[in-house]
>>> print(open('start24.cif').read())   # mmCIF, C-alpha atoms
data_structure
loop_
_atom_site.group_PDB
_atom_site.id
_atom_site.type_symbol
_atom_site.label_atom_id
_atom_site.label_comp_id
_atom_site.auth_asym_id
_atom_site.auth_seq_id
_atom_site.Cartn_x
_atom_site.Cartn_y
_atom_site.Cartn_z
ATOM 1 C CA MET G 1 105.154 144.168 131.787
ATOM 2 C CA GLN G 2 108.196 142.552 133.364
ATOM 3 C CA ILE G 3 109.258 143.964 136.736
ATOM 4 C CA PHE G 4 112.951 143.929 137.628
ATOM 5 C CA PRO G 5 113.796 144.835 141.229
ATOM 6 C CA ALA G 6 117.358 146.158 141.303
ATOM 7 C CA ILE G 7 120.409 145.328 143.359
ATOM 8 C CA ASP G 8 123.256 147.793 142.867
ATOM 9 C CA LEU G 9 126.535 146.538 144.323
ATOM 10 C CA ARG G 10 129.456 148.544 145.601
ATOM 11 C CA GLY G 11 132.117 146.978 147.756
ATOM 12 C CA GLY G 12 129.883 143.928 148.192
ATOM 13 C CA GLN G 13 127.069 145.986 149.693
ATOM 14 C CA VAL G 14 123.589 146.790 148.399
ATOM 15 C CA VAL G 15 123.532 150.514 147.702
ATOM 16 C CA ARG G 16 121.711 153.224 145.782
ATOM 17 C CA LEU G 17 123.311 156.307 144.282
ATOM 18 C CA TYR G 18 121.650 159.668 143.787
ATOM 19 C CA GLN G 19 121.651 160.520 140.065
ATOM 20 C CA GLY G 20 124.655 158.275 139.543
ATOM 21 C CA ASP G 21 126.844 160.247 141.951
ATOM 22 C CA TYR G 22 129.262 157.899 143.735
ATOM 23 C CA ALA G 23 129.696 160.516 146.453
ATOM 24 C CA GLN G 24 125.977 160.342 147.272
ATOM 25 C CA GLU G 25 125.551 156.722 148.270
ATOM 26 C CA THR G 26 123.047 155.120 150.623
ATOM 27 C CA VAL G 27 123.727 151.595 151.891
ATOM 28 C CA TYR G 28 120.582 149.461 152.157
ATOM 29 C CA GLY G 29 122.142 146.134 153.062
ATOM 30 C CA THR G 30 125.323 144.151 153.511
ATOM 31 C CA ASP G 31 124.000 140.803 152.217
ATOM 32 C CA PRO G 32 123.111 140.858 148.498
ATOM 33 C CA CYS G 33 121.938 137.232 148.608
ATOM 34 C CA ALA G 34 119.469 138.010 151.378
ATOM 35 C CA GLN G 35 118.134 140.933 149.342
ATOM 36 C CA ALA G 36 117.681 138.703 146.297
ATOM 37 C CA ARG G 37 115.810 136.154 148.435
ATOM 38 C CA ALA G 38 113.538 138.894 149.767
ATOM 39 C CA PHE G 39 112.644 139.914 146.216
ATOM 40 C CA LEU G 40 112.017 136.273 145.302
ATOM 41 C CA ASP G 41 109.779 135.812 148.357
ATOM 42 C CA ALA G 42 107.782 138.873 147.239
ATOM 43 C CA GLY G 43 107.023 137.168 143.948
ATOM 44 C CA ALA G 44 109.795 138.466 141.715
ATOM 45 C CA GLN G 45 110.757 136.424 138.667
ATOM 46 C CA PHE G 46 113.394 138.833 137.360
ATOM 47 C CA LEU G 47 116.380 140.624 138.908
ATOM 48 C CA HIS G 48 118.540 143.501 137.677
ATOM 49 C CA VAL G 49 122.058 143.573 139.147
ATOM 50 C CA VAL G 50 124.667 146.267 138.577
ATOM 51 C CA ASP G 51 128.318 146.157 139.600
ATOM 52 C CA LEU G 52 128.845 149.857 140.289
ATOM 53 C CA ASP G 53 132.565 149.402 140.869
ATOM 54 C CA GLY G 54 132.815 147.657 137.529
ATOM 55 C CA ALA G 55 130.818 150.378 135.791
ATOM 56 C CA ARG G 56 133.339 152.945 136.955
ATOM 57 C CA ASP G 57 136.632 151.157 136.422
ATOM 58 C CA GLY G 58 135.878 148.014 134.393
ATOM 59 C CA THR G 59 136.983 145.532 137.048
ATOM 60 C CA PRO G 60 134.793 142.586 138.169
ATOM 61 C CA ALA G 61 134.877 143.880 141.740
ATOM 62 C CA ASN G 62 131.558 142.303 142.768
ATOM 63 C CA PHE G 63 131.801 139.108 140.739
ATOM 64 C CA ASP G 64 131.716 136.852 143.801
ATOM 65 C CA SER G 65 128.537 138.504 145.093
ATOM 66 C CA ILE G 66 126.859 138.138 141.713
ATOM 67 C CA ALA G 67 127.937 134.501 141.509
ATOM 68 C CA ALA G 68 126.433 133.839 144.922
ATOM 69 C CA ILE G 69 123.127 135.410 143.883
ATOM 70 C CA ALA G 70 123.057 133.328 140.699
ATOM 71 C CA ARG G 71 123.752 130.111 142.612
ATOM 72 C CA GLN G 72 120.636 130.643 144.727
ATOM 73 C CA GLY G 73 118.440 130.212 141.652
ATOM 74 C CA GLY G 74 114.804 131.126 141.237
ATOM 75 C CA LEU G 75 115.333 134.420 139.400
ATOM 76 C CA SER G 76 116.049 135.360 135.812
ATOM 77 C CA ILE G 77 119.045 137.658 136.241
ATOM 78 C CA GLU G 78 120.448 140.395 134.055
ATOM 79 C CA VAL G 79 123.822 141.885 134.993
ATOM 80 C CA GLY G 80 125.564 145.086 134.000
ATOM 81 C CA GLY G 81 128.544 147.145 135.053
ATOM 82 C CA GLY G 82 132.000 146.824 133.546
ATOM 83 C CA ILE G 83 131.165 144.171 130.957
ATOM 84 C CA ARG G 84 133.574 145.172 128.198
ATOM 85 C CA THR G 85 134.932 141.888 126.817
ATOM 86 C CA GLU G 86 133.485 138.690 125.398
ATOM 87 C CA ALA G 87 135.352 136.761 128.081
ATOM 88 C CA ARG G 88 133.419 138.642 130.785
ATOM 89 C CA ILE G 89 130.153 137.906 129.003
ATOM 90 C CA CYS G 90 131.019 134.215 128.942
ATOM 91 C CA GLN G 91 131.926 134.290 132.639
ATOM 92 C CA TYR G 92 128.525 135.647 133.583
ATOM 93 C CA LEU G 93 126.581 133.363 131.268
ATOM 94 C CA GLU G 94 128.439 130.372 132.687
ATOM 95 C CA LEU G 95 127.268 131.433 136.154
ATOM 96 C CA GLY G 96 123.684 131.100 134.993
ATOM 97 C CA VAL G 97 123.056 134.788 134.369
ATOM 98 C CA ASP G 98 120.394 135.117 131.670
ATOM 99 C CA ARG G 99 121.420 138.423 130.115
ATOM 100 C CA CYS G 100 124.480 140.667 130.083
ATOM 101 C CA ILE G 101 124.127 144.419 129.745
ATOM 102 C CA LEU G 102 126.685 146.341 127.718
ATOM 103 C CA GLY G 103 127.072 149.997 128.627
ATOM 104 C CA THR G 104 130.188 152.089 128.098
ATOM 105 C CA ILE G 105 131.685 149.614 125.631
ATOM 106 C CA ALA G 106 128.668 149.935 123.330
ATOM 107 C CA VAL G 107 129.500 153.622 122.898
ATOM 108 C CA GLN G 108 133.268 153.302 122.759
ATOM 109 C CA ASP G 109 133.360 150.166 120.572
ATOM 110 C CA PHE G 110 130.066 149.964 118.720
ATOM 111 C CA PRO G 111 131.218 147.157 116.368
ATOM 112 C CA PHE G 112 131.969 144.990 119.419
ATOM 113 C CA ALA G 113 128.451 145.529 120.794
ATOM 114 C CA ALA G 114 126.936 144.724 117.415
ATOM 115 C CA ARG G 115 129.021 141.554 117.170
ATOM 116 C CA MET G 116 128.002 140.426 120.659
ATOM 117 C CA ALA G 117 124.342 141.035 119.834
ATOM 118 C CA ARG G 118 124.665 138.886 116.718
ATOM 119 C CA THR G 119 126.541 136.164 118.599
ATOM 120 C CA TYR G 120 124.481 135.946 121.787
ATOM 121 C CA GLY G 121 121.095 137.267 120.674
ATOM 122 C CA GLU G 122 118.627 137.754 123.532
ATOM 123 C CA GLN G 123 121.389 137.230 126.088
ATOM 124 C CA ILE G 124 122.711 140.704 125.298
ATOM 125 C CA ALA G 125 121.076 144.021 126.154
ATOM 126 C CA VAL G 126 122.503 147.527 125.963
ATOM 127 C CA GLY G 127 122.127 150.004 128.784
ATOM 128 C CA VAL G 128 121.672 153.511 127.436
ATOM 129 C CA ASP G 129 122.186 156.018 130.244
ATOM 130 C CA ALA G 130 121.488 159.631 129.317
ATOM 131 C CA ARG G 131 121.860 163.027 130.924
ATOM 132 C CA ASP G 132 120.432 166.134 129.261
ATOM 133 C CA GLY G 133 119.506 163.916 126.346
ATOM 134 C CA TYR G 134 123.058 162.682 125.632
ATOM 135 C CA VAL G 135 124.480 159.218 126.282
ATOM 136 C CA ALA G 136 126.733 159.004 129.353
ATOM 137 C CA VAL G 137 129.624 156.578 129.845
ATOM 138 C CA ASN G 138 132.150 155.410 132.467
ATOM 139 C CA GLY G 139 129.801 155.177 135.409
ATOM 140 C CA TRP G 140 127.800 158.187 134.169
ATOM 141 C CA LYS G 141 130.755 160.525 134.662
ATOM 142 C CA GLU G 142 131.237 161.539 131.000
ATOM 143 C CA LEU G 143 128.859 162.566 128.210
ATOM 144 C CA SER G 144 129.201 161.378 124.633
ATOM 145 C CA GLN G 145 128.286 163.438 121.580
ATOM 146 C CA GLU G 146 125.247 161.307 120.646
ATOM 147 C CA LYS G 147 121.633 161.766 121.687
ATOM 148 C CA GLY G 148 120.007 158.813 123.385
ATOM 149 C CA PRO G 149 117.163 158.082 120.921
ATOM 150 C CA ASP G 150 119.550 158.317 117.964
ATOM 151 C CA PHE G 151 121.872 155.815 119.621
ATOM 152 C CA CYS G 152 118.931 153.487 120.253
ATOM 153 C CA ARG G 153 118.084 153.516 116.546
ATOM 154 C CA ARG G 154 121.669 152.628 115.677
ATOM 155 C CA LEU G 155 121.572 149.767 118.161
ATOM 156 C CA ARG G 156 118.341 148.460 116.670
ATOM 157 C CA ASP G 157 119.828 148.596 113.190
ATOM 158 C CA ALA G 158 122.861 146.648 114.454
ATOM 159 C CA GLY G 159 120.689 143.819 115.771
ATOM 160 C CA VAL G 160 120.277 144.737 119.440
ATOM 161 C CA ARG G 161 116.824 143.726 120.649
ATOM 162 C CA THR G 162 116.660 145.105 124.208
ATOM 163 C CA VAL G 163 117.653 148.555 125.472
ATOM 164 C CA ILE G 164 117.573 149.520 129.136
ATOM 165 C CA TYR G 165 117.196 153.295 129.071
ATOM 166 C CA THR G 166 117.950 155.404 132.135
ATOM 167 C CA ASP G 167 117.335 159.117 132.478
ATOM 168 C CA ILE G 168 120.116 159.848 134.972
ATOM 169 C CA SER G 169 118.453 163.032 136.231
ATOM 170 C CA ARG G 170 115.545 160.929 137.538
ATOM 171 C CA ASP G 171 117.562 158.048 138.982
ATOM 172 C CA GLY G 172 117.292 157.856 142.765
ATOM 173 C CA ALA G 173 115.725 161.315 142.928
ATOM 174 C CA GLY G 174 112.141 160.309 143.682
ATOM 175 C CA LEU G 175 110.904 162.685 140.977
ATOM 176 C CA GLY G 176 109.062 160.122 138.900
ATOM 177 C CA THR G 177 110.152 158.691 135.593
ATOM 178 C CA ASN G 178 110.378 160.482 132.237
ATOM 179 C CA LEU G 179 107.149 159.238 130.673
ATOM 180 C CA GLU G 180 107.396 161.445 127.581
ATOM 181 C CA LEU G 181 110.819 160.022 126.791
ATOM 182 C CA TYR G 182 109.569 156.437 126.886
ATOM 183 C CA GLU G 183 106.613 157.355 124.691
ATOM 184 C CA GLU G 184 109.205 158.428 122.112
ATOM 185 C CA LEU G 185 111.444 155.397 122.527
ATOM 186 C CA VAL G 186 108.716 152.787 122.090
ATOM 187 C CA GLN G 187 108.130 154.159 118.600
ATOM 188 C CA ILE G 188 111.447 152.613 117.530
ATOM 189 C CA GLN G 189 110.170 149.491 115.812
ATOM 190 C CA GLY G 190 111.946 146.241 116.610
ATOM 191 C CA LEU G 191 113.348 147.399 119.963
ATOM 192 C CA ASP G 192 112.141 146.323 123.415
ATOM 193 C CA ILE G 193 112.491 149.170 125.909
ATOM 194 C CA THR G 194 113.106 148.752 129.632
ATOM 195 C CA ALA G 195 112.386 151.859 131.698
ATOM 196 C CA SER G 196 114.887 152.668 134.423
ATOM 197 C CA GLY G 197 115.300 155.679 136.677
ATOM 198 C CA GLY G 198 112.800 157.358 138.954
ATOM 199 C CA VAL G 199 109.862 154.970 138.676
ATOM 200 C CA SER G 200 108.009 155.611 141.919
ATOM 201 C CA SER G 201 104.265 154.927 141.611
ATOM 202 C CA LEU G 202 101.824 152.329 140.392
ATOM 203 C CA GLU G 203 100.211 154.884 138.112
ATOM 204 C CA GLU G 204 103.548 155.513 136.394
ATOM 205 C CA LEU G 205 103.973 151.780 135.893
ATOM 206 C CA ARG G 206 100.477 151.479 134.452
ATOM 207 C CA ARG G 207 101.196 154.331 132.049
ATOM 208 C CA LEU G 208 104.479 152.756 130.995
ATOM 209 C CA GLU G 209 102.676 149.481 130.385
ATOM 210 C CA ARG G 210 99.979 151.188 128.288
ATOM 211 C CA THR G 211 102.705 152.987 126.333
ATOM 212 C CA GLY G 212 104.227 149.669 125.327
ATOM 213 C CA VAL G 213 107.325 149.606 127.519
ATOM 214 C CA ARG G 214 108.451 145.988 127.852
ATOM 215 C CA ALA G 215 109.889 146.107 131.380
ATOM 216 C CA ALA G 216 110.622 148.429 134.295
ATOM 217 C CA ILE G 217 113.446 148.458 136.808
ATOM 218 C CA LEU G 218 112.603 149.438 140.374
ATOM 219 C CA GLY G 219 115.261 150.615 142.792
ATOM 220 C CA LYS G 220 115.024 153.297 145.427
ATOM 221 C CA ALA G 221 111.220 153.239 145.532
ATOM 222 C CA LEU G 222 111.400 149.646 146.785
ATOM 223 C CA TYR G 223 114.115 150.286 149.333
ATOM 224 C CA THR G 224 112.352 153.291 150.856
ATOM 225 C CA GLY G 225 108.960 151.581 150.918
ATOM 226 C CA ARG G 226 107.369 153.944 148.430
ATOM 227 C CA LEU G 227 106.462 150.910 146.334
ATOM 228 C CA ASP G 228 105.646 147.420 147.575
ATOM 229 C CA LEU G 229 107.086 144.817 145.231
ATOM 230 C CA ARG G 230 104.392 142.203 145.848
ATOM 231 C CA THR G 231 101.668 144.739 145.058
ATOM 232 C CA VAL G 232 103.488 145.955 141.947
ATOM 233 C CA ILE G 233 103.825 142.417 140.599
ATOM 234 C CA GLN G 234 100.154 141.675 141.266
ATOM 235 C CA GLU G 235 99.052 144.910 139.570
ATOM 236 C CA VAL G 236 101.333 145.172 136.528
ATOM 237 C CA GLY G 237 103.844 142.332 136.587
ATOM 238 C CA ALA G 238 103.772 139.689 133.869
ATOM 239 C CA CYS G 239 105.877 136.819 132.635
#
>>> encode(input="start24.cif", output="structure tokens")
Amino acid sequence: MQIFPAIDLRGGQVVRLYQGDYAQETVYGTDPCAQARAFLDAGAQFLHVVDLDGARDGTPANFDSIAAIARQGGLSIEVGGGIRTEARICQYLELGVDRCILGTIAVQDFPFAARMARTYGEQIAVGVDARDGYVAVNGWKELSQEKGPDFCRRLRDAGVRTVIYTDISRDGAGLGTNLELYEELVQIQGLDITASGGVSSLEELRRLERTGVRAAILGKALYTGRLDLRTVIQEVGAC
């Protein structure tokens, strides 16, 4: 299973939010490049980066920080947050980012997401963020009318290969991840599922791996020391 340590950016700083609430922010660092190097030194091969400012308002507020991380090299990087145009996708890919994550735009303009998946293939993923079972948009502030698993099936049918699925209620809460949900999602044939939100123990990661989840994103559990990245990679990480 691929392990993606996460760097969430807001105002150029490394932060974590509690259940997606911008009013409940904890700053864990002021140097995103140093954080990326620390993950690399711990054995990471992959990195998940989110522009939280971009997720909320669509602007590339943390573009320079992401560019600096990409220039360092050594990590396969996926980036999300405010990517709502093909021009923005091209900007990130030209930086050396390996995969762009579409979020809000995939709900609001599904044909665009389908077209980008056909055009860029594996370089496109869709982030499906759900609260109470329904897909959330605009930095998790609003709920759509569609249930998460149903949306995932539509994405698969449109040619999307990778979905990063976050149960918002678990994100940053230290409550563990929603294992039953991922057991349901991996049954969608032809779709690679990345688990995100609340992963906080090696046993959870082992269960996700046995379930067939392709990758897992680790955030708060790394920053608080609940999980040690080097140990995680040795135990469950894979190329």
>>> residues_around(input="start24.cif", residues="Ala70 in chain G", least_positions_apart="2", cutoff="12 Å", atoms="all atoms listed in the file", output="ChimeraX atom specification")
/G:32-33,36-37,46-49,63-68,72-79,92-99
>>> residues_around(input="start24.cif", residues="Asp167 in chain G", least_positions_apart="5", cutoff="7 Å", atoms="only C-alpha atoms", output="list in words")
Asp129, Ala130, Arg131 and Gly197 of chain G
>>> residues_near_point(input="start24.cif", point="(117.5, 150.0, 126.4)", cutoff="12 Å", atoms="all atoms listed in the file", output="ChimeraX atom specification")
/G:101-103,106,124-130,135,148-149,151-156,160-167,182,185-186,188,190-197,213-217
>>> resolve_selection(input="start24.cif", expression="the PyMOL selection byres ((chain G and resi 179) around 10)", output="list of chain:residue names")
G:Gly176, G:Thr177, G:Asn178, G:Glu180, G:Leu181, G:Tyr182, G:Glu183, G:Glu184, G:Leu185, G:Ala195, G:Val199, G:Glu204, G:Leu205, G:Arg207, G:Leu208, G:Thr211
>>> resolve_selection(input="start24.cif", expression="the PyMOL selection byres ((chain G and resi 218-233) around 10)", output="MDAnalysis selection string")
chainID G and resid 1:8 15:18 26 28:29 38:45 47:48 171:174 176 195:202 205:206 215:217 234:239
>>> write_last_selection(input="start24.cif", atoms="C-alpha atoms", output="CSV table (one decimal), keeping the file's coordinate frame")
chain,number,residue,atom,x,y,z
G,1,MET,CA,105.2,144.2,131.8
G,2,GLN,CA,108.2,142.6,133.4
G,3,ILE,CA,109.3,144.0,136.7
G,4,PHE,CA,113.0,143.9,137.6
G,5,PRO,CA,113.8,144.8,141.2
G,6,ALA,CA,117.4,146.2,141.3
G,7,ILE,CA,120.4,145.3,143.4
G,8,ASP,CA,123.3,147.8,142.9
G,15,VAL,CA,123.5,150.5,147.7
G,16,ARG,CA,121.7,153.2,145.8
G,17,LEU,CA,123.3,156.3,144.3
G,18,TYR,CA,121.6,159.7,143.8
G,26,THR,CA,123.0,155.1,150.6
G,28,TYR,CA,120.6,149.5,152.2
G,29,GLY,CA,122.1,146.1,153.1
G,38,ALA,CA,113.5,138.9,149.8
G,39,PHE,CA,112.6,139.9,146.2
G,40,LEU,CA,112.0,136.3,145.3
G,41,ASP,CA,109.8,135.8,148.4
G,42,ALA,CA,107.8,138.9,147.2
G,43,GLY,CA,107.0,137.2,143.9
G,44,ALA,CA,109.8,138.5,141.7
G,45,GLN,CA,110.8,136.4,138.7
G,47,LEU,CA,116.4,140.6,138.9
G,48,HIS,CA,118.5,143.5,137.7
G,171,ASP,CA,117.6,158.0,139.0
G,172,GLY,CA,117.3,157.9,142.8
G,173,ALA,CA,115.7,161.3,142.9
G,174,GLY,CA,112.1,160.3,143.7
G,176,GLY,CA,109.1,160.1,138.9
G,195,ALA,CA,112.4,151.9,131.7
G,196,SER,CA,114.9,152.7,134.4
G,197,GLY,CA,115.3,155.7,136.7
G,198,GLY,CA,112.8,157.4,139.0
G,199,VAL,CA,109.9,155.0,138.7
G,200,SER,CA,108.0,155.6,141.9
G,201,SER,CA,104.3,154.9,141.6
G,202,LEU,CA,101.8,152.3,140.4
G,205,LEU,CA,104.0,151.8,135.9
G,206,ARG,CA,100.5,151.5,134.5
G,215,ALA,CA,109.9,146.1,131.4
G,216,ALA,CA,110.6,148.4,134.3
G,217,ILE,CA,113.4,148.5,136.8
G,234,GLN,CA,100.2,141.7,141.3
G,235,GLU,CA,99.1,144.9,139.6
G,236,VAL,CA,101.3,145.2,136.5
G,237,GLY,CA,103.8,142.3,136.6
G,238,ALA,CA,103.8,139.7,133.9
G,239,CYS,CA,105.9,136.8,132.6
